[in-house]
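To be precise, the following lines are protein-v9.txt, and they hold compact mmCIF, C-alpha atoms.
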# COMPACT_ATOMS: atom_id res chain seq x y z
CA MET A 6 0.00 0.00 0.00
CA ALA A 7 1.23 3.50 -0.81
CA LEU A 8 2.38 5.62 2.13
CA LEU A 9 1.06 8.79 0.47
CA GLU A 10 -1.76 8.87 -2.08
CA LEU A 11 -3.34 11.84 -3.85
CA VAL A 12 -6.45 11.60 -6.01
CA ASP A 13 -7.77 14.55 -8.05
CA VAL A 14 -6.32 17.15 -5.67
CA ALA A 15 -6.99 20.78 -6.59
CA LYS A 16 -6.34 24.26 -5.17
CA SER A 17 -7.40 27.55 -6.74
CA PHE A 18 -6.86 31.19 -5.91
CA GLY A 19 -9.68 33.02 -7.61
CA SER A 20 -9.52 32.08 -11.29
CA LEU A 21 -5.96 30.72 -10.98
CA LYS A 22 -5.84 26.92 -10.77
CA ALA A 23 -2.56 26.48 -8.88
CA VAL A 24 -3.06 22.70 -8.50
CA ASP A 25 -5.48 21.16 -10.97
CA GLY A 26 -6.59 17.54 -10.51
CA VAL A 27 -3.25 16.05 -9.40
CA SER A 28 -3.08 12.32 -8.67
CA PHE A 29 -0.07 10.17 -7.73
CA SER A 30 1.19 7.85 -5.01
CA VAL A 31 4.47 7.40 -3.16
CA GLU A 32 5.56 4.02 -1.84
CA ALA A 33 7.17 3.68 1.58
CA GLY A 34 10.95 3.90 1.44
CA GLU A 35 11.30 5.59 -1.96
CA ILE A 36 12.56 8.99 -3.07
CA PHE A 37 9.93 10.53 -5.33
CA GLY A 38 10.89 13.65 -7.30
CA ILE A 39 8.69 16.51 -8.49
CA ALA A 40 9.89 18.95 -11.15
CA GLY A 41 8.34 21.75 -13.16
CA PRO A 42 8.91 25.29 -14.40
CA ASN A 43 8.41 28.31 -12.13
CA GLY A 44 4.74 28.76 -11.30
CA SER A 45 3.83 25.17 -12.11
CA GLY A 46 2.26 24.57 -8.67
CA LYS A 47 5.00 22.56 -6.95
CA SER A 48 5.14 24.46 -3.65
CA THR A 49 1.36 24.90 -3.57
CA LEU A 50 1.10 21.12 -3.85
CA PHE A 51 3.36 20.73 -0.80
CA ASN A 52 1.24 23.29 1.04
CA VAL A 53 -2.02 21.39 0.50
CA ILE A 54 -0.42 18.04 1.43
CA THR A 55 0.99 19.35 4.71
CA GLY A 56 -1.80 21.78 5.58
CA ILE A 57 0.73 24.62 5.83
CA PRO A 58 -0.75 27.15 5.39
CA PHE A 59 -3.85 25.72 3.67
CA GLY A 60 -5.47 22.49 2.56
CA PRO A 61 -6.98 21.44 -0.79
CA ASP A 62 -10.22 22.70 -2.29
CA ARG A 63 -11.08 19.19 -3.42
CA GLY A 64 -9.65 15.72 -3.81
CA MET A 65 -8.34 13.02 -1.49
CA ILE A 66 -5.00 13.06 0.33
CA ARG A 67 -4.32 9.84 2.23
CA PHE A 68 -1.26 9.24 4.44
CA ASP A 69 -0.67 5.72 5.70
CA GLY A 70 -4.24 4.84 4.80
CA GLU A 71 -5.77 7.79 6.66
CA GLU A 72 -7.41 10.81 5.04
CA ILE A 73 -5.47 13.97 6.01
CA GLY A 74 -6.80 16.50 3.50
CA GLY A 75 -8.08 19.51 5.40
CA LEU A 76 -6.42 18.65 8.73
CA SER A 77 -4.35 21.34 10.42
CA GLY A 78 -0.59 21.38 9.84
CA ASN A 79 0.28 20.33 13.39
CA ARG A 80 -2.11 17.35 13.29
CA ILE A 81 -0.60 16.21 9.98
CA ALA A 82 2.93 16.60 11.37
CA ARG A 83 2.07 14.48 14.40
CA ARG A 84 1.02 11.68 12.06
CA GLY A 85 4.62 11.51 10.83
CA LEU A 86 4.79 13.87 7.85
CA ALA A 87 7.36 16.70 8.02
CA ARG A 88 8.54 19.29 5.51
CA THR A 89 11.16 21.93 4.73
CA PHE A 90 10.68 25.14 2.75
CA GLN A 91 12.21 26.85 -0.28
CA ARG A 92 13.73 29.60 1.81
CA GLU A 93 15.89 28.87 4.81
CA THR A 94 13.44 29.26 7.68
CA SER A 95 14.54 29.47 11.29
CA PHE A 96 14.04 31.49 14.45
CA ASP A 97 17.12 33.66 14.03
CA GLY A 98 17.09 34.93 17.62
CA LEU A 99 17.22 31.39 19.02
CA THR A 100 20.23 29.12 19.05
CA VAL A 101 20.79 26.30 16.60
CA PHE A 102 19.99 23.77 19.33
CA GLU A 103 16.81 25.58 20.39
CA ASN A 104 15.56 25.66 16.79
CA ALA A 105 16.03 21.93 16.33
CA LEU A 106 14.55 21.18 19.76
CA MET A 107 11.33 22.94 18.75
CA GLY A 108 10.80 20.33 16.05
CA LEU A 109 10.20 17.70 18.71
CA SER A 110 7.10 19.53 19.95
CA PHE A 111 5.43 18.75 16.60
CA GLY A 112 6.53 15.12 16.43
CA ALA A 113 4.34 12.12 17.03
CA THR A 114 6.48 10.86 19.93
CA LYS A 115 6.55 12.69 23.25
CA MET A 116 9.66 12.16 25.33
CA PRO A 117 11.25 13.32 28.61
CA ALA A 118 13.50 16.41 28.51
CA ALA A 119 16.76 14.46 28.71
CA GLN A 120 15.72 12.17 25.86
CA ALA A 121 14.51 15.15 23.80
CA HIS A 122 17.87 16.88 24.19
CA GLU A 123 19.69 13.71 23.17
CA ALA A 124 17.47 13.29 20.09
CA THR A 125 18.04 16.92 19.12
CA ALA A 126 21.80 16.65 19.42
CA GLU A 127 21.76 13.47 17.35
CA ALA A 128 19.70 15.12 14.58
CA LEU A 129 22.04 18.12 14.40
CA THR A 130 25.14 15.94 14.32
CA PHE A 131 23.57 13.71 11.66
CA VAL A 132 23.16 16.62 9.22
CA GLY A 133 26.72 17.79 9.80
CA ILE A 134 26.32 20.60 12.33
CA ASP A 135 29.14 20.28 14.86
CA PHE A 136 28.69 20.55 18.62
CA ALA A 137 30.53 23.90 18.72
CA SER A 138 27.74 25.44 16.63
CA PHE A 139 24.86 24.28 18.85
CA GLY A 140 24.97 27.52 20.87
CA ARG A 141 25.25 29.88 17.88
CA LEU A 142 22.29 32.00 16.87
CA ALA A 143 20.56 30.51 13.84
CA GLY A 144 20.77 33.86 12.07
CA GLU A 145 24.57 33.59 12.01
CA LEU A 146 24.61 30.45 9.88
CA SER A 147 25.43 30.27 6.19
CA VAL A 148 22.72 29.38 3.66
CA TYR A 149 23.87 25.76 3.51
CA GLN A 150 24.04 25.48 7.31
CA ARG A 151 20.54 26.93 7.62
CA LYS A 152 19.25 24.33 5.17
CA CYS A 153 20.92 21.64 7.27
CA LEU A 154 19.28 23.13 10.36
CA MET A 155 15.86 22.88 8.66
CA LEU A 156 16.58 19.22 7.94
CA ALA A 157 17.70 18.58 11.52
CA THR A 158 14.53 20.22 12.86
CA ALA A 159 12.43 17.97 10.62
CA ILE A 160 14.43 14.82 11.41
CA ALA A 161 14.10 15.50 15.15
CA MET A 162 10.34 15.02 14.70
CA LYS A 163 11.01 11.37 13.80
CA PRO A 164 8.91 11.56 10.62
CA ARG A 165 7.95 8.64 8.42
CA MET A 166 7.93 10.93 5.38
CA LEU A 167 9.86 14.11 4.63
CA LEU A 168 8.88 16.68 2.00
CA LEU A 169 11.85 18.73 0.74
CA ASP A 170 11.10 21.93 -1.17
CA GLU A 171 14.05 22.87 -3.44
CA PRO A 172 16.86 21.90 -1.06
CA ALA A 173 19.52 22.73 -3.68
CA SER A 174 18.45 26.34 -4.31
CA SER A 175 21.13 29.01 -3.71
CA LEU A 176 23.83 26.39 -3.05
CA THR A 177 27.25 26.02 -4.63
CA LYS A 178 28.16 22.89 -6.59
CA PRO A 179 30.07 21.29 -3.65
CA GLU A 180 27.15 22.10 -1.35
CA ILE A 181 24.69 20.53 -3.80
CA GLU A 182 26.81 17.38 -3.89
CA ALA A 183 26.86 17.32 -0.09
CA SER A 184 23.06 17.74 -0.07
CA VAL A 185 22.62 14.75 -2.38
CA GLU A 186 24.65 12.56 -0.02
CA LEU A 187 22.77 13.85 3.02
CA ILE A 188 19.38 13.11 1.44
CA ARG A 189 20.57 9.60 0.60
CA ARG A 190 21.59 9.10 4.22
CA ILE A 191 18.18 10.33 5.40
CA ALA A 192 16.49 7.87 3.06
CA GLY A 193 18.81 5.20 4.44
CA ARG A 194 17.10 5.70 7.80
CA GLY A 195 13.88 4.44 6.27
CA ILE A 196 12.36 7.90 5.81
CA THR A 197 10.32 8.23 2.62
CA ILE A 198 11.16 11.41 0.70
CA LEU A 199 9.07 13.59 -1.60
CA LEU A 200 11.40 16.06 -3.27
CA ILE A 201 10.81 19.26 -5.27
CA GLU A 202 13.71 20.64 -7.27
CA HIS A 203 14.38 22.77 -10.36
CA VAL A 204 17.77 21.14 -10.95
CA LEU A 205 16.95 18.05 -13.01
CA THR A 206 20.40 16.50 -12.50
CA PHE A 207 19.77 16.70 -8.75
CA LEU A 208 16.43 14.92 -9.13
CA MET A 209 17.87 12.34 -11.53
CA SER A 210 20.60 11.40 -9.09
CA LEU A 211 18.11 10.73 -6.28
CA SER A 212 14.63 9.83 -7.53
CA GLN A 213 13.16 6.43 -8.25
CA HIS A 214 10.10 8.09 -9.79
CA LEU A 215 9.68 11.55 -11.26
CA LEU A 216 6.58 13.68 -11.77
CA VAL A 217 6.55 16.90 -13.80
CA LEU A 218 3.95 19.58 -13.16
CA ASN A 219 3.02 22.29 -15.64
CA GLN A 220 0.39 24.96 -14.99
CA GLY A 221 -0.89 23.00 -12.01
CA SER A 222 -1.43 19.70 -13.83
CA VAL A 223 0.57 16.50 -14.17
CA LEU A 224 2.48 16.72 -17.47
CA ALA A 225 4.44 13.46 -17.19
CA MET A 226 5.20 10.80 -14.57
CA GLY A 227 7.28 7.63 -14.45
CA ALA A 228 10.91 6.53 -14.55
CA PRO A 229 13.15 9.64 -14.41
CA ARG A 230 14.98 9.01 -17.69
CA SER A 231 11.81 8.46 -19.71
CA VAL A 232 10.17 11.51 -18.15
CA ILE A 233 12.96 13.98 -18.98
CA GLU A 234 13.11 12.65 -22.55
CA ASP A 235 9.40 13.30 -23.03
CA PRO A 236 9.01 16.02 -25.72
CA ARG A 237 6.30 17.72 -23.62
CA VAL A 238 8.71 18.06 -20.69
CA ILE A 239 11.48 19.40 -22.92
CA GLU A 240 9.10 21.98 -24.35
CA ALA A 241 7.87 23.02 -20.90
CA TYR A 242 11.43 23.63 -19.70
CA LEU A 243 13.04 25.01 -22.86
CA GLY A 244 10.21 26.30 -25.03
CA THR A 245 9.17 25.08 -28.47
CA ARG A 246 12.00 26.66 -30.45
CA ARG A 247 14.85 25.47 -28.19
CA ALA A 248 13.27 22.03 -27.86
CA ALA A 249 13.29 21.72 -31.62
Could I get this structure in the form of structure tokens?
Amino acid sequence: MALLELVDVAKSFGSLKAVDGVSFSVEAGEIFGIAGPNGSGKSTLFNVITGIPFGPDRGMIRFDGEEIGGLSGNRIARRGLARTFQRETSFDGLTVFENALMGLSFGATKMPAAQAHEATAEALTFVGIDFASFGRLAGELSVYQRKCLMLATAIAMKPRMLLLDEPASSLTKPEIEASVELIRRIAGRGITILLIEHVLTFLMSLSQHLLVLNQGSVLAMGAPRSVIEDPRVIEAYLGTRRAA
């Protein structure tokens, strides 16, 4: 049975159909990639799945066999579904450790303070943030470190599934390569990953399945190589003249 299943999911803003009848499923343990041009509805799709900041207008969203469409973001998170965002989000006036510790309050598992601190330290170390940085203010971190902090905060929640929204944006080539390895290690923990990214090489190196959105609708879906060779996908990314 699929861990995440969407059927005919839609979200509109006035006359704009940001997500228009999207259906797909993600199996437990896989890395599933989502691509698409700017404005294709990728982040809006993540928003309606996670309930942050809004749910779908219609359609079914089922996580681990349970309907979650329309639930609040915190209730969805406590069922084991966590996410990161396009921009590096953190509470800049709090320390690195305090930011990651807050993730535990949204997790499905409640634990004593000592155990929570241990889990937080483990999550930060896992993503490559050294102990000496635990007491730094989050606002002092580099872009890459802030992305790692977002991941640590999500991992601390002990999720079954993690939604990553453009984790490679604004990173250098060595940082992108490090991100690929980190995502593989997260998947190695048994965490299912749904991944949005503009960089197709990034998606190709990680995804078992790839979906391409265009103007809110599913343009193509399947094995990554066959999807990126689809003439409709080439046209959506490059335009008719360049595709030719």
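Among the candidates A:Lys178, A:His214, A:Arg151, A:Arg83, the residue lying nearest to Leu200 in chain A is A:His214 (atoms considered: all atoms listed in the file).
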Discussion item. I'd like the interatomic distance between CA of Ala143 in chain A and CA of Gly46 in chain A, to a tenth of an Å.
Written reply: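 About the pair CA of Ala143 in chain A and CA of Gly46 in chain A: they are 29.6 Å apart.
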Worksheet item: Any idea what the distance is between CA of Gly41 in chain A and CA of Arg63 in chain A?
Response: 21.9 Å
Discussion item. Show me the residues close to (11.8, 7.7, -7.3) - anything with an atom within 9 Å, counting only C-alpha atoms - and format the list as number ranges by chain.
Written reply: A: 31, 35-38, 198-199, 208-209, 211-215, 227-229
With C-alpha atoms kept, could you save the residues just selected as a PDB file, keeping the file's coordinate frame?
ATOM      1  CA  VAL A  31       4.470   7.400  -3.160  1.00  0.00           C
ATOM      2  CA  GLU A  35      11.300   5.590  -1.960  1.00  0.00           C
ATOM      3  CA  ILE A  36      12.560   8.990  -3.070  1.00  0.00           C
ATOM      4  CA  PHE A  37       9.930  10.530  -5.330  1.00  0.00           C
ATOM      5  CA  GLY A  38      10.890  13.650  -7.300  1.00  0.00           C
ATOM      6  CA  ILE A 198      11.160  11.410   0.700  1.00  0.00           C
ATOM      7  CA  LEU A 199       9.070  13.590  -1.600  1.00  0.00           C
ATOM      8  CA  LEU A 208      16.430  14.920  -9.130  1.00  0.00           C
ATOM      9  CA  MET A 209      17.870  12.340 -11.530  1.00  0.00           C
ATOM     10  CA  LEU A 211      18.110  10.730  -6.280  1.00  0.00           C
ATOM     11  CA  SER A 212      14.630   9.830  -7.530  1.00  0.00           C
ATOM     12  CA  GLN A 213      13.160   6.430  -8.250  1.00  0.00           C
ATOM     13  CA  HIS A 214      10.100   8.090  -9.790  1.00  0.00           C
ATOM     14  CA  LEU A 215       9.680  11.550 -11.260  1.00  0.00           C
ATOM     15  CA  GLY A 227       7.280   7.630 -14.450  1.00  0.00           C
ATOM     16  CA  ALA A 228      10.910   6.530 -14.550  1.00  0.00           C
ATOM     17  CA  PRO A 229      13.150   9.640 -14.410  1.00  0.00           C
TER      18      PRO A 229
END
Discussion item. List the spatial neighbours of Met155 in chain A as a count of residues only - criterion: any atom at most 9 Å away, all atoms listed in the file, same-chain residues fewer than 3 positions off excluded.
Written reply: 14
Worksheet item: Between A:Glu103, A:Asp13, A:Asp62, A:Glu32, which is the closest to Arg141 in chain A once you count only C-alpha atoms?
Response: A:Glu103
Worksheet entry | Residue with smallest distance to Leu21 in chain A - pool A:Thr206, A:Gln120, A:Ser77, A:Ser45, counting only C-alpha atoms | A:Ser45
